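Heads up: the structure comes next, in structure tokens.
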Amino acid sequence: MATYSTNEFKGGLKIMLDGDPCSIIENEFVKPGKGQAFNRVKIRNLKTGRVIERTFKSGETVEAADVMETDMQYLYNDGEFWHFMHPDTYEQVAADANAVSDATKWLKEQDSCVVTLWNGTPISVTPPNFVILTVTETDPGVRGDTSGGGGKPATLETGAVVRVPLFIDVDEVIKVDTRTGEYVGRARD
Amino acid sequence: MWAVPGTEPGAQPDWCPGADLDVLRLRATLLARTRAYFAAQGVMEVDTPVLGRGATTEPAIESFNTAYRGPGSAASLPLYLQTSPEFFMKRLLAAGSGPIYQLAHVFRNAESGRRHNPEFMLLEWYRPGYDQHELMDEIEVLLAHVLQGSIDLPPARRIPYRQWFLDETGLDPWRDTPRAFRDFAAAHLASVPAAMPADQLDPWLYLLLTHWLEPRLGDGAVFVYDYPASQASLARVRPRPLPVAERFELYVNGIELANGFHELADAGEQARRFEQDNLARRNNGQTAMPADRLLLAALAHGMPDSAGVAIGFDRLVMLAAGATDIDAVLGFTLARC
């Protein structure tokens with residue numbers, strides 16, 4: 001069983017805590033001049049996404065988590081699982097709704113995502129930072145209104161709803177930032 | 001290139017210093033003001049060795065070790081990079097130096113982070129005839145002089161360690177059990193380390209100090225004084241009514257800036273502390289360190305009654321520069337060496 005000492009702690013390190021795989025966000029070394037040293041660590045639980053704070057005595061060891069972040073292509077959803085493929089090995093994995101979570105509303109077939117695998121099983125999916133999607137439903141466009149003020153909701157082909165400027169019409173292709181859920185602009189081919 | 005855990009190399013090329021040149025100029029100004037202050041006070045600047053045969057025995061401080069081979073030493077002579085200039089400076093006091101100060105590079109292994117670098121600078125000085133409170137008075141005068149134009153520190157509060165714990169936790173480090181402190185930590189801290197010894201008080205005091213009391217200090221300067229005898233280090237212990245170590249710490253804006261003592265001058269007691277420290281080190285699985293025989297000899301000869309203090313000079317520059325990372329005030333931290 002691989003372990004890490006607190007001396008190896010740094011942002012991005014994957015460790016096991018309370019049976020769940022976690023990723024270190026921030027590691028702070030805390031030590032009184034003449035006293036016990038501690039590592040105060042901010043950690044993200046990779047299954048729940050929740051961020052917690054943990055304190056370790058410096059020198060303690062923790063179990064390493066076998067976590068890999070892999071670029072994979074989204075293939076299709078069979079109703080229960082979302083299927084992804086490694087573009088080089090053609091290996092496929094199936095992620096359940098827990099793992100895909102909020103990413104589902106951005107997933108378009110063929111798009112490349114980051115799939116986080118724990119012991120080979122997907123536990124989370126991160127969509128690309130920007131996605132290009134077609135508007136399937138929105139109020140009729142107001143031509144010439146480029147004021148950018150106001151805006152209106154638009155439903156996209158994946159089901160996501162984003163606010164778009166008034167001039168956007170059904171069937172237009174737009175670029176969206178998945179980290180904020182905000183409209184970026186019309187997609188140019 | 002490798003990085004020290006917890007540090008990220010910046011965007012600039014590897015060879016560049018961490019500190020802006022403006023900050024290095026500020027650092028130079030603080031150094032010059034420090035020297036001017038002591039020159040005006042008639043305190044002599046001294047310069048003691050970085051390499052010594054003796055080393056600190058403190059269980060929470062690790063020395064770097066090396067060895068000398070060459071003329072005068074057929075066998076390899078173990079040497080230690082000094083973690084503080086205190087042993088040498090006390091030998092100077094015993095030799096009759098009178099008041100002395102030093103801007104000393106010191107070395108502590110296993111310490112690196114936003115407020116730590118394994119090599120750093122201590123401003124350390126000794127005042128024969130002072131007690132801890134008189135030295136605290138002088139620290140305030142010195143800080144006002146050195147930090148002029150950077151920050152204005154309001155007069156420091158002074159609070160005994162015991163009162164500080166009573167105010168913030170309702171617990172008394174002189175009377176309550178480790179279990180009481182453990183229960184408080186479990187109830188109030190976001191997390192308690194798994195590997196804490198249930199039956200020892202000091203680890204729980206350090207956990208609460210760093211995770212509960214220090215973060216609640218807020219802005220301003222605070223002297224905490226009269227420490228538990230188990231944390232006396234090189235301070236003398238006043239036995240009554242409760243045994244307290246005549247030791248103090250200065251916090252500014254919640255950050256530990258200085259540690260001072262009414263200095264232990266009793267050779268026999270000093271020898272016993274070296275032994276106790278080494279016993280604790282062996283129990284922790286650490287190696288015992290060679291106690292400094294020459295310090296013991298100097299104390300046996302007689303050292304004047306003195307108070308002494310060490311200020312983390314890099315942290316002082318951080319304070320003046322408004323920096324939150326030691327890398328911003330040092331030319332080259334370990335990650336850049």
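Residues are referred to by chain and number: the chain letter is A, B, ... according to the order shown in the structure tokens, the number counts from 1 in that chain, and ligands are numbered separately from 1 in the order shown.
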Mind dumping a table of every chain A residue within 9 Å of chain B, with the nearest atom pair and its distance in Å to one decimal, using only C-alpha atoms, sorted by chain and rising number, as a tab-separated table?
residue	atom	partner	partner_atom	distance
A:Asn7	CA	B:Pro5	CA	6.7
A:Glu8	CA	B:Pro5	CA	6.1
A:Phe9	CA	B:Pro5	CA	6.1
A:Lys10	CA	B:Gly6	CA	5.1
A:Gly11	CA	B:Gly6	CA	7.2
A:Glu26	CA	B:Gly6	CA	7.7
A:Asn27	CA	B:Gly6	CA	5.9
A:Glu28	CA	B:Gly113	CA	6.6
A:Phe29	CA	B:Gly113	CA	5.2
A:Val30	CA	B:Thr210	CA	7.2
A:Lys31	CA	B:Thr210	CA	7.4
A:Pro32	CA	B:Thr210	CA	7.2
A:Gly33	CA	B:Glu256	CA	7.9
A:Lys34	CA	B:Ala60	CA	5.9
A:Gly35	CA	B:Ala60	CA	5.4
A:Gln36	CA	B:Ala60	CA	5.9
A:Ala37	CA	B:Ala60	CA	7.7
A:Phe38	CA	B:Leu207	CA	8.0
A:Arg40	CA	B:His211	CA	8.9
A:Ile52	CA	B:Ala190	CA	8.2
A:Glu53	CA	B:Ala190	CA	6.3
A:Arg54	CA	B:Ser191	CA	5.1
A:Thr55	CA	B:Pro193	CA	5.4
A:Phe56	CA	B:Pro193	CA	4.8
A:Lys57	CA	B:Pro193	CA	6.1
A:Glu60	CA	B:Ala195	CA	7.3
With N, CA and C atoms retained, could you export that selection as a PDB file, in the first residue's frame?
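The result, stored in result.pdb:
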ATOM      1  N   ASN A   7       5.519  15.441   4.406  1.00  0.00           N
ATOM      2  CA  ASN A   7       6.552  16.177   3.669  1.00  0.00           C
ATOM      3  C   ASN A   7       6.317  16.147   2.158  1.00  0.00           C
ATOM      4  N   GLU A   8       5.498  15.188   1.705  1.00  0.00           N
ATOM      5  CA  GLU A   8       5.219  15.098   0.267  1.00  0.00           C
ATOM      6  C   GLU A   8       3.948  15.852  -0.116  1.00  0.00           C
ATOM      7  N   PHE A   9       3.258  16.412   0.877  1.00  0.00           N
ATOM      8  CA  PHE A   9       1.990  17.099   0.593  1.00  0.00           C
ATOM      9  C   PHE A   9       2.217  18.305  -0.318  1.00  0.00           C
ATOM     10  N   LYS A  10       1.351  18.428  -1.320  1.00  0.00           N
ATOM     11  CA  LYS A  10       1.323  19.615  -2.167  1.00  0.00           C
ATOM     12  C   LYS A  10       0.005  19.605  -2.921  1.00  0.00           C
ATOM     13  N   GLY A  11      -0.329  20.732  -3.510  1.00  0.00           N
ATOM     14  CA  GLY A  11      -1.590  20.830  -4.238  1.00  0.00           C
ATOM     15  C   GLY A  11      -1.666  19.748  -5.307  1.00  0.00           C
ATOM     16  N   GLU A  26      -4.613  22.743  -0.739  1.00  0.00           N
ATOM     17  CA  GLU A  26      -3.679  23.696  -0.154  1.00  0.00           C
ATOM     18  C   GLU A  26      -3.068  23.050   1.081  1.00  0.00           C
ATOM     19  N   ASN A  27      -1.749  23.194   1.214  1.00  0.00           N
ATOM     20  CA  ASN A  27      -1.043  22.594   2.348  1.00  0.00           C
ATOM     21  C   ASN A  27      -0.296  23.698   3.073  1.00  0.00           C
ATOM     22  N   GLU A  28      -0.587  23.891   4.346  1.00  0.00           N
ATOM     23  CA  GLU A  28       0.123  24.918   5.097  1.00  0.00           C
ATOM     24  C   GLU A  28       0.904  24.302   6.248  1.00  0.00           C
ATOM     25  N   PHE A  29       2.209  24.643   6.293  1.00  0.00           N
ATOM     26  CA  PHE A  29       3.083  24.184   7.377  1.00  0.00           C
ATOM     27  C   PHE A  29       2.954  25.168   8.529  1.00  0.00           C
ATOM     28  N   VAL A  30       2.573  24.648   9.704  1.00  0.00           N
ATOM     29  CA  VAL A  30       2.335  25.501  10.870  1.00  0.00           C
ATOM     30  C   VAL A  30       3.214  24.999  12.000  1.00  0.00           C
ATOM     31  N   LYS A  31       4.070  25.881  12.526  1.00  0.00           N
ATOM     32  CA  LYS A  31       4.948  25.416  13.616  1.00  0.00           C
ATOM     33  C   LYS A  31       5.321  26.564  14.534  1.00  0.00           C
ATOM     34  N   PRO A  32       5.019  26.408  15.839  1.00  0.00           N
ATOM     35  CA  PRO A  32       5.559  27.383  16.782  1.00  0.00           C
ATOM     36  C   PRO A  32       7.075  27.203  16.846  1.00  0.00           C
ATOM     37  N   GLY A  33       7.810  28.290  17.086  1.00  0.00           N
ATOM     38  CA  GLY A  33       9.273  28.226  17.105  1.00  0.00           C
ATOM     39  C   GLY A  33       9.818  27.037  17.881  1.00  0.00           C
ATOM     40  N   LYS A  34       9.234  26.786  19.052  1.00  0.00           N
ATOM     41  CA  LYS A  34       9.794  25.739  19.896  1.00  0.00           C
ATOM     42  C   LYS A  34       8.858  24.547  20.059  1.00  0.00           C
ATOM     43  N   GLY A  35       7.847  24.448  19.232  1.00  0.00           N
ATOM     44  CA  GLY A  35       6.862  23.385  19.476  1.00  0.00           C
ATOM     45  C   GLY A  35       6.561  22.500  18.285  1.00  0.00           C
ATOM     46  N   GLN A  36       5.609  21.622  18.528  1.00  0.00           N
ATOM     47  CA  GLN A  36       5.142  20.636  17.559  1.00  0.00           C
ATOM     48  C   GLN A  36       4.771  21.277  16.217  1.00  0.00           C
ATOM     49  N   ALA A  37       5.203  20.651  15.123  1.00  0.00           N
ATOM     50  CA  ALA A  37       4.840  21.116  13.777  1.00  0.00           C
ATOM     51  C   ALA A  37       3.595  20.384  13.287  1.00  0.00           C
ATOM     52  N   PHE A  38       2.756  21.120  12.566  1.00  0.00           N
ATOM     53  CA  PHE A  38       1.542  20.548  11.990  1.00  0.00           C
ATOM     54  C   PHE A  38       1.449  20.912  10.509  1.00  0.00           C
ATOM     55  N   ARG A  40      -1.604  21.918   8.105  1.00  0.00           N
ATOM     56  CA  ARG A  40      -3.037  22.236   8.026  1.00  0.00           C
ATOM     57  C   ARG A  40      -3.392  22.219   6.551  1.00  0.00           C
ATOM     58  N   ILE A  52     -12.905  20.028   2.808  1.00  0.00           N
ATOM     59  CA  ILE A  52     -12.788  19.984   4.267  1.00  0.00           C
ATOM     60  C   ILE A  52     -11.384  20.416   4.676  1.00  0.00           C
ATOM     61  N   GLU A  53     -11.239  20.723   5.961  1.00  0.00           N
ATOM     62  CA  GLU A  53      -9.915  21.062   6.484  1.00  0.00           C
ATOM     63  C   GLU A  53      -9.469  19.935   7.403  1.00  0.00           C
ATOM     64  N   ARG A  54      -8.197  19.537   7.268  1.00  0.00           N
ATOM     65  CA  ARG A  54      -7.642  18.502   8.128  1.00  0.00           C
ATOM     66  C   ARG A  54      -6.297  18.952   8.664  1.00  0.00           C
ATOM     67  N   THR A  55      -6.024  18.596   9.893  1.00  0.00           N
ATOM     68  CA  THR A  55      -4.712  18.878  10.473  1.00  0.00           C
ATOM     69  C   THR A  55      -3.988  17.567  10.732  1.00  0.00           C
ATOM     70  N   PHE A  56      -2.728  17.518  10.321  1.00  0.00           N
ATOM     71  CA  PHE A  56      -1.880  16.357  10.574  1.00  0.00           C
ATOM     72  C   PHE A  56      -0.697  16.806  11.415  1.00  0.00           C
ATOM     73  N   LYS A  57      -0.201  15.906  12.260  1.00  0.00           N
ATOM     74  CA  LYS A  57       1.112  16.158  12.866  1.00  0.00           C
ATOM     75  C   LYS A  57       2.130  15.984  11.759  1.00  0.00           C
ATOM     76  N   GLU A  60       3.379  12.534   9.963  1.00  0.00           N
ATOM     77  CA  GLU A  60       2.374  11.480   9.820  1.00  0.00           C
ATOM     78  C   GLU A  60       2.358  10.993   8.378  1.00  0.00           C
TER      79      GLU A  60
END
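Running DSSP on the backbone and keeping only alpha helix (DSSP H), the residues of stretch 70-110 of chain B that qualify are Glu86, Phe87, Phe88, Met89, Lys90, Arg91, Leu92, Leu93 and Ala94 of chain B.
With distances restricted to only C-alpha atoms, A:Leu117 is the closest residue to A:Asp71 from A:Leu17, A:Leu117, A:Cys22, A:Val41.
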Task: DSSP strand (DSSP E or B) residues within stretch 23-187 of chain A, as a VMD selection string - done: chain A and resid 23 to 30 38 to 45 51 to 57 61 to 64 67 to 77 82 to 85 92 to 95 112 to 118 121 to 126 130 to 138 152 to 156 161 to 164 173 to 177 182 to 186
Produce a file of the selected residues containing C-alpha atoms, as a PDB file, in the first residue's frame.
ATOM      1  CA  SER A  23      -7.203  15.731  -3.566  1.00  0.00           C
ATOM      2  CA  ILE A  24      -5.072  18.226  -1.637  1.00  0.00           C
ATOM      3  CA  ILE A  25      -5.951  21.816  -2.531  1.00  0.00           C
ATOM      4  CA  GLU A  26      -3.679  23.696  -0.154  1.00  0.00           C
ATOM      5  CA  ASN A  27      -1.043  22.594   2.348  1.00  0.00           C
ATOM      6  CA  GLU A  28       0.123  24.918   5.097  1.00  0.00           C
ATOM      7  CA  PHE A  29       3.083  24.184   7.377  1.00  0.00           C
ATOM      8  CA  VAL A  30       2.335  25.501  10.870  1.00  0.00           C
ATOM      9  CA  PHE A  38       1.542  20.548  11.990  1.00  0.00           C
ATOM     10  CA  ASN A  39       0.312  20.488   8.409  1.00  0.00           C
ATOM     11  CA  ARG A  40      -3.037  22.236   8.026  1.00  0.00           C
ATOM     12  CA  VAL A  41      -4.499  21.003   4.781  1.00  0.00           C
ATOM     13  CA  LYS A  42      -7.510  21.887   2.636  1.00  0.00           C
ATOM     14  CA  ILE A  43      -8.754  18.782   0.899  1.00  0.00           C
ATOM     15  CA  ARG A  44     -11.433  18.084  -1.699  1.00  0.00           C
ATOM     16  CA  ASN A  45     -13.337  14.828  -1.417  1.00  0.00           C
ATOM     17  CA  VAL A  51     -13.914  20.722   0.715  1.00  0.00           C
ATOM     18  CA  ILE A  52     -12.788  19.984   4.267  1.00  0.00           C
ATOM     19  CA  GLU A  53      -9.915  21.062   6.484  1.00  0.00           C
ATOM     20  CA  ARG A  54      -7.642  18.502   8.128  1.00  0.00           C
ATOM     21  CA  THR A  55      -4.712  18.878  10.473  1.00  0.00           C
ATOM     22  CA  PHE A  56      -1.880  16.357  10.574  1.00  0.00           C
ATOM     23  CA  LYS A  57       1.112  16.158  12.866  1.00  0.00           C
ATOM     24  CA  THR A  61       1.724   9.282   6.808  1.00  0.00           C
ATOM     25  CA  VAL A  62      -1.495   8.762   4.873  1.00  0.00           C
ATOM     26  CA  GLU A  63      -2.549   6.186   2.320  1.00  0.00           C
ATOM     27  CA  ALA A  64      -2.156   7.212  -1.314  1.00  0.00           C
ATOM     28  CA  VAL A  67      -6.570   8.334  -8.779  1.00  0.00           C
ATOM     29  CA  MET A  68      -5.938   9.206 -12.418  1.00  0.00           C
ATOM     30  CA  GLU A  69      -7.270  12.104 -14.409  1.00  0.00           C
ATOM     31  CA  THR A  70      -7.594  11.022 -18.021  1.00  0.00           C
ATOM     32  CA  ASP A  71      -8.668  12.857 -21.159  1.00  0.00           C
ATOM     33  CA  MET A  72     -11.464  10.773 -22.661  1.00  0.00           C
ATOM     34  CA  GLN A  73     -14.010  11.151 -25.392  1.00  0.00           C
ATOM     35  CA  TYR A  74     -17.677  11.121 -24.457  1.00  0.00           C
ATOM     36  CA  LEU A  75     -19.494   8.487 -26.547  1.00  0.00           C
ATOM     37  CA  TYR A  76     -23.136   8.124 -25.505  1.00  0.00           C
ATOM     38  CA  ASN A  77     -25.596   7.715 -22.659  1.00  0.00           C
ATOM     39  CA  TRP A  82     -22.449   7.578 -19.628  1.00  0.00           C
ATOM     40  CA  HIS A  83     -19.779   5.901 -21.745  1.00  0.00           C
ATOM     41  CA  PHE A  84     -16.327   7.359 -22.362  1.00  0.00           C
ATOM     42  CA  MET A  85     -13.442   6.155 -24.496  1.00  0.00           C
ATOM     43  CA  GLN A  92     -14.016   2.323 -22.554  1.00  0.00           C
ATOM     44  CA  VAL A  93     -15.406   3.122 -19.113  1.00  0.00           C
ATOM     45  CA  ALA A  94     -18.971   3.654 -17.918  1.00  0.00           C
ATOM     46  CA  ALA A  95     -19.743   6.420 -15.428  1.00  0.00           C
ATOM     47  CA  SER A 112     -13.259  15.469 -24.882  1.00  0.00           C
ATOM     48  CA  CYS A 113     -13.662  15.456 -21.075  1.00  0.00           C
ATOM     49  CA  VAL A 114     -11.445  14.809 -18.075  1.00  0.00           C
ATOM     50  CA  VAL A 115     -12.598  11.621 -16.395  1.00  0.00           C
ATOM     51  CA  THR A 116     -11.275  11.007 -12.883  1.00  0.00           C
ATOM     52  CA  LEU A 117     -10.723   7.313 -12.278  1.00  0.00           C
ATOM     53  CA  TRP A 118     -10.316   5.817  -8.805  1.00  0.00           C
ATOM     54  CA  THR A 121     -13.664   3.398 -11.916  1.00  0.00           C
ATOM     55  CA  PRO A 122     -14.946   6.852 -12.928  1.00  0.00           C
ATOM     56  CA  ILE A 123     -15.787   9.001  -9.908  1.00  0.00           C
ATOM     57  CA  SER A 124     -16.107  12.385 -11.575  1.00  0.00           C
ATOM     58  CA  VAL A 125     -16.287  13.975 -15.007  1.00  0.00           C
ATOM     59  CA  THR A 126     -15.100  17.482 -15.855  1.00  0.00           C
ATOM     60  CA  PHE A 130     -15.701  25.757 -23.306  1.00  0.00           C
ATOM     61  CA  VAL A 131     -18.369  23.884 -25.226  1.00  0.00           C
ATOM     62  CA  ILE A 132     -19.990  24.685 -28.560  1.00  0.00           C
ATOM     63  CA  LEU A 133     -23.713  23.914 -28.452  1.00  0.00           C
ATOM     64  CA  THR A 134     -26.829  24.573 -30.534  1.00  0.00           C
ATOM     65  CA  VAL A 135     -29.747  26.566 -29.153  1.00  0.00           C
ATOM     66  CA  THR A 136     -32.884  24.418 -29.283  1.00  0.00           C
ATOM     67  CA  GLU A 137     -35.342  26.714 -27.581  1.00  0.00           C
ATOM     68  CA  THR A 138     -35.507  30.428 -26.843  1.00  0.00           C
ATOM     69  CA  LYS A 152     -33.107  35.797 -21.968  1.00  0.00           C
ATOM     70  CA  PRO A 153     -32.915  32.112 -21.156  1.00  0.00           C
ATOM     71  CA  ALA A 154     -32.011  29.639 -23.913  1.00  0.00           C
ATOM     72  CA  THR A 155     -32.161  25.848 -23.780  1.00  0.00           C
ATOM     73  CA  LEU A 156     -29.264  24.089 -25.489  1.00  0.00           C
ATOM     74  CA  VAL A 161     -30.189  26.494 -19.830  1.00  0.00           C
ATOM     75  CA  VAL A 162     -28.017  29.603 -20.132  1.00  0.00           C
ATOM     76  CA  ARG A 163     -28.694  33.314 -20.397  1.00  0.00           C
ATOM     77  CA  VAL A 164     -28.029  34.642 -23.883  1.00  0.00           C
ATOM     78  CA  VAL A 173     -24.473  27.747 -32.331  1.00  0.00           C
ATOM     79  CA  ILE A 174     -22.975  29.374 -29.267  1.00  0.00           C
ATOM     80  CA  LYS A 175     -19.909  29.042 -27.072  1.00  0.00           C
ATOM     81  CA  VAL A 176     -20.433  28.592 -23.312  1.00  0.00           C
ATOM     82  CA  ASP A 177     -17.979  28.601 -20.377  1.00  0.00           C
ATOM     83  CA  GLU A 182     -22.121  31.786 -18.977  1.00  0.00           C
ATOM     84  CA  TYR A 183     -22.606  32.582 -22.644  1.00  0.00           C
ATOM     85  CA  VAL A 184     -19.297  33.595 -24.248  1.00  0.00           C
ATOM     86  CA  GLY A 185     -20.318  34.379 -27.828  1.00  0.00           C
ATOM     87  CA  ARG A 186     -21.544  33.029 -31.130  1.00  0.00           C
TER      88      ARG A 186
END
Write out as a short mmCIF file (atom, residue, chain, number, x, y, z; two decimals) with N, CA and C atoms, in the first residue's frame the residues lying within 12 Å of stretch 35-43 of chain B, counting only C-alpha atoms and excluding same-chain residues fewer than 6 positions away.
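Dumped to selection37.cif:
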data_model
loop_
_atom_site.label_atom_id
_atom_site.label_comp_id
_atom_site.auth_asym_id
_atom_site.auth_seq_id
_atom_site.Cartn_x
_atom_site.Cartn_y
_atom_site.Cartn_z
N ALA B 28 17.11 46.15 3.45
CA ALA B 28 18.38 46.81 3.74
C ALA B 28 18.17 47.99 4.68
N THR B 29 17.06 48.71 4.48
CA THR B 29 16.75 49.84 5.37
C THR B 29 16.50 49.35 6.80
N SER B 97 31.25 40.45 27.97
CA SER B 97 31.01 41.32 26.80
C SER B 97 30.13 42.52 27.11
N GLY B 98 29.25 42.40 28.10
CA GLY B 98 28.21 43.41 28.26
C GLY B 98 27.14 43.18 27.21
N PRO B 99 26.21 44.16 27.01
CA PRO B 99 25.10 43.95 26.08
C PRO B 99 25.58 43.72 24.65
N ILE B 100 25.00 42.72 23.98
CA ILE B 100 25.44 42.36 22.63
C ILE B 100 24.22 42.03 21.76
N TYR B 101 24.40 42.23 20.45
CA TYR B 101 23.36 41.80 19.52
C TYR B 101 24.00 41.18 18.29
N GLN B 102 23.17 40.45 17.56
CA GLN B 102 23.67 39.81 16.35
C GLN B 102 22.54 39.66 15.34
N LEU B 103 22.88 39.87 14.08
CA LEU B 103 21.98 39.54 12.97
C LEU B 103 22.54 38.25 12.39
N LEU B 123 17.39 38.22 14.61
CA LEU B 123 17.98 39.36 15.32
C LEU B 123 17.93 38.98 16.80
N GLU B 124 19.10 38.71 17.36
CA GLU B 124 19.13 38.22 18.74
C GLU B 124 19.95 39.18 19.59
N TRP B 125 19.42 39.53 20.76
CA TRP B 125 20.23 40.39 21.64
C TRP B 125 20.03 40.06 23.11
N TYR B 126 21.04 40.46 23.89
CA TYR B 126 21.07 40.16 25.32
C TYR B 126 21.33 41.43 26.11
N ARG B 127 20.59 41.56 27.20
CA ARG B 127 20.71 42.72 28.07
C ARG B 127 21.01 42.27 29.49
N PRO B 128 22.29 42.35 29.91
CA PRO B 128 22.59 42.05 31.31
C PRO B 128 21.83 43.00 32.22
N GLU B 138 11.96 47.28 25.75
CA GLU B 138 12.94 47.68 24.73
C GLU B 138 12.52 47.20 23.33
N ILE B 139 11.92 46.01 23.26
CA ILE B 139 11.49 45.49 21.96
C ILE B 139 10.49 46.47 21.32
N VAL B 141 10.31 49.67 21.76
CA VAL B 141 11.05 50.86 21.31
C VAL B 141 11.78 50.54 19.99
N LEU B 142 12.44 49.38 19.96
CA LEU B 142 13.18 48.98 18.76
C LEU B 142 12.24 48.84 17.56
N LEU B 143 11.09 48.17 17.76
CA LEU B 143 10.17 47.94 16.64
C LEU B 143 9.65 49.27 16.09
N ALA B 144 9.33 50.19 16.99
CA ALA B 144 8.85 51.50 16.54
C ALA B 144 9.91 52.18 15.69
N HIS B 145 11.17 52.04 16.12
CA HIS B 145 12.27 52.67 15.38
C HIS B 145 12.47 52.01 14.02
N VAL B 146 12.47 50.68 14.01
CA VAL B 146 12.78 49.95 12.78
C VAL B 146 11.63 50.02 11.77
N LEU B 147 10.38 50.00 12.28
CA LEU B 147 9.23 49.93 11.37
C LEU B 147 8.69 51.31 10.99
#
Task: B:Tyr68 surroundings by only C-alpha atoms, 12 Å radius, close-in-sequence under 2 positions cut, as number ranges by chain - done: B: 51-53, 65-66, 70-80
TODO: Identify which of the residues B:Glu62, B:Asp305, B:Asp314, B:Asp277 lies closest to B:Leu122, counting only C-alpha atoms when measuring atom-to-atom distances.
DONE: B:Asp314
Open item on the list: For B:Val317, find every residue with an atom within 12 Å (counting only C-alpha atoms), except residues of its own chain fewer than 5 positions away, and show them as a VMD selection string.
Closed with: chain B and resid 19 22 to 31 34 115 120 to 123 143 146 to 147 150 to 151 257 311 to 312 322 to 330
How about saving the chosen residues, C-alpha atoms kept, as a PDB file, in the first residue's frame?
ATOM      1  CA  ALA B  19      11.780  39.200  -3.457  1.00  0.00           C
ATOM      2  CA  ASP B  22      12.014  47.210  -3.728  1.00  0.00           C
ATOM      3  CA  VAL B  23      11.484  44.720  -0.913  1.00  0.00           C
ATOM      4  CA  LEU B  24      15.223  43.983  -0.778  1.00  0.00           C
ATOM      5  CA  ARG B  25      15.815  47.745  -0.466  1.00  0.00           C
ATOM      6  CA  LEU B  26      13.285  47.859   2.380  1.00  0.00           C
ATOM      7  CA  ARG B  27      15.094  44.913   3.989  1.00  0.00           C
ATOM      8  CA  ALA B  28      18.385  46.812   3.737  1.00  0.00           C
ATOM      9  CA  THR B  29      16.745  49.837   5.366  1.00  0.00           C
ATOM     10  CA  LEU B  30      15.466  47.731   8.277  1.00  0.00           C
ATOM     11  CA  LEU B  31      18.930  46.209   8.742  1.00  0.00           C
ATOM     12  CA  THR B  34      18.519  47.984  13.528  1.00  0.00           C
ATOM     13  CA  ARG B 115       6.424  31.503   7.175  1.00  0.00           C
ATOM     14  CA  PHE B 120      16.617  32.348   8.018  1.00  0.00           C
ATOM     15  CA  MET B 121      17.785  35.362   9.987  1.00  0.00           C
ATOM     16  CA  LEU B 122      17.449  36.003  13.702  1.00  0.00           C
ATOM     17  CA  LEU B 123      17.977  39.356  15.321  1.00  0.00           C
ATOM     18  CA  LEU B 143      10.168  47.943  16.638  1.00  0.00           C
ATOM     19  CA  VAL B 146      12.784  49.952  12.779  1.00  0.00           C
ATOM     20  CA  LEU B 147       9.233  49.934  11.374  1.00  0.00           C
ATOM     21  CA  SER B 150       6.089  51.117   7.229  1.00  0.00           C
ATOM     22  CA  ILE B 151       3.515  50.399   9.904  1.00  0.00           C
ATOM     23  CA  LEU B 257       7.647  37.261  15.754  1.00  0.00           C
ATOM     24  CA  ILE B 311      13.221  38.186  16.535  1.00  0.00           C
ATOM     25  CA  GLY B 312      12.559  36.445  13.228  1.00  0.00           C
ATOM     26  CA  GLY B 322       2.822  43.520   3.938  1.00  0.00           C
ATOM     27  CA  ALA B 323       3.982  40.150   2.569  1.00  0.00           C
ATOM     28  CA  THR B 324       2.219  36.882   3.389  1.00  0.00           C
ATOM     29  CA  ASP B 325       4.945  34.555   2.097  1.00  0.00           C
ATOM     30  CA  ILE B 326       8.560  34.509   3.252  1.00  0.00           C
ATOM     31  CA  ASP B 327       9.565  33.981  -0.389  1.00  0.00           C
ATOM     32  CA  ALA B 328       8.550  37.593  -1.020  1.00  0.00           C
ATOM     33  CA  VAL B 329      11.161  38.974   1.405  1.00  0.00           C
ATOM     34  CA  LEU B 330      14.086  36.605   0.840  1.00  0.00           C
TER      35      LEU B 330
END
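If you look at atom CA of B:Val309 and atom CA of B:Ala94, they are 16.9 Å away from each other.
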Task: Neighbour list for A:Thr104 as an MDAnalysis selection string, cut-off 9 Å, only C-alpha atoms, skip fewer than 6 positions in-chain - done: chainID A and resid 82 97 125 127 158:160
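Among the candidates B:Pro49, B:Pro228, B:Gly96, B:Gly285, the residue lying nearest to B:Leu242 is B:Pro228 (atoms considered: only C-alpha atoms).
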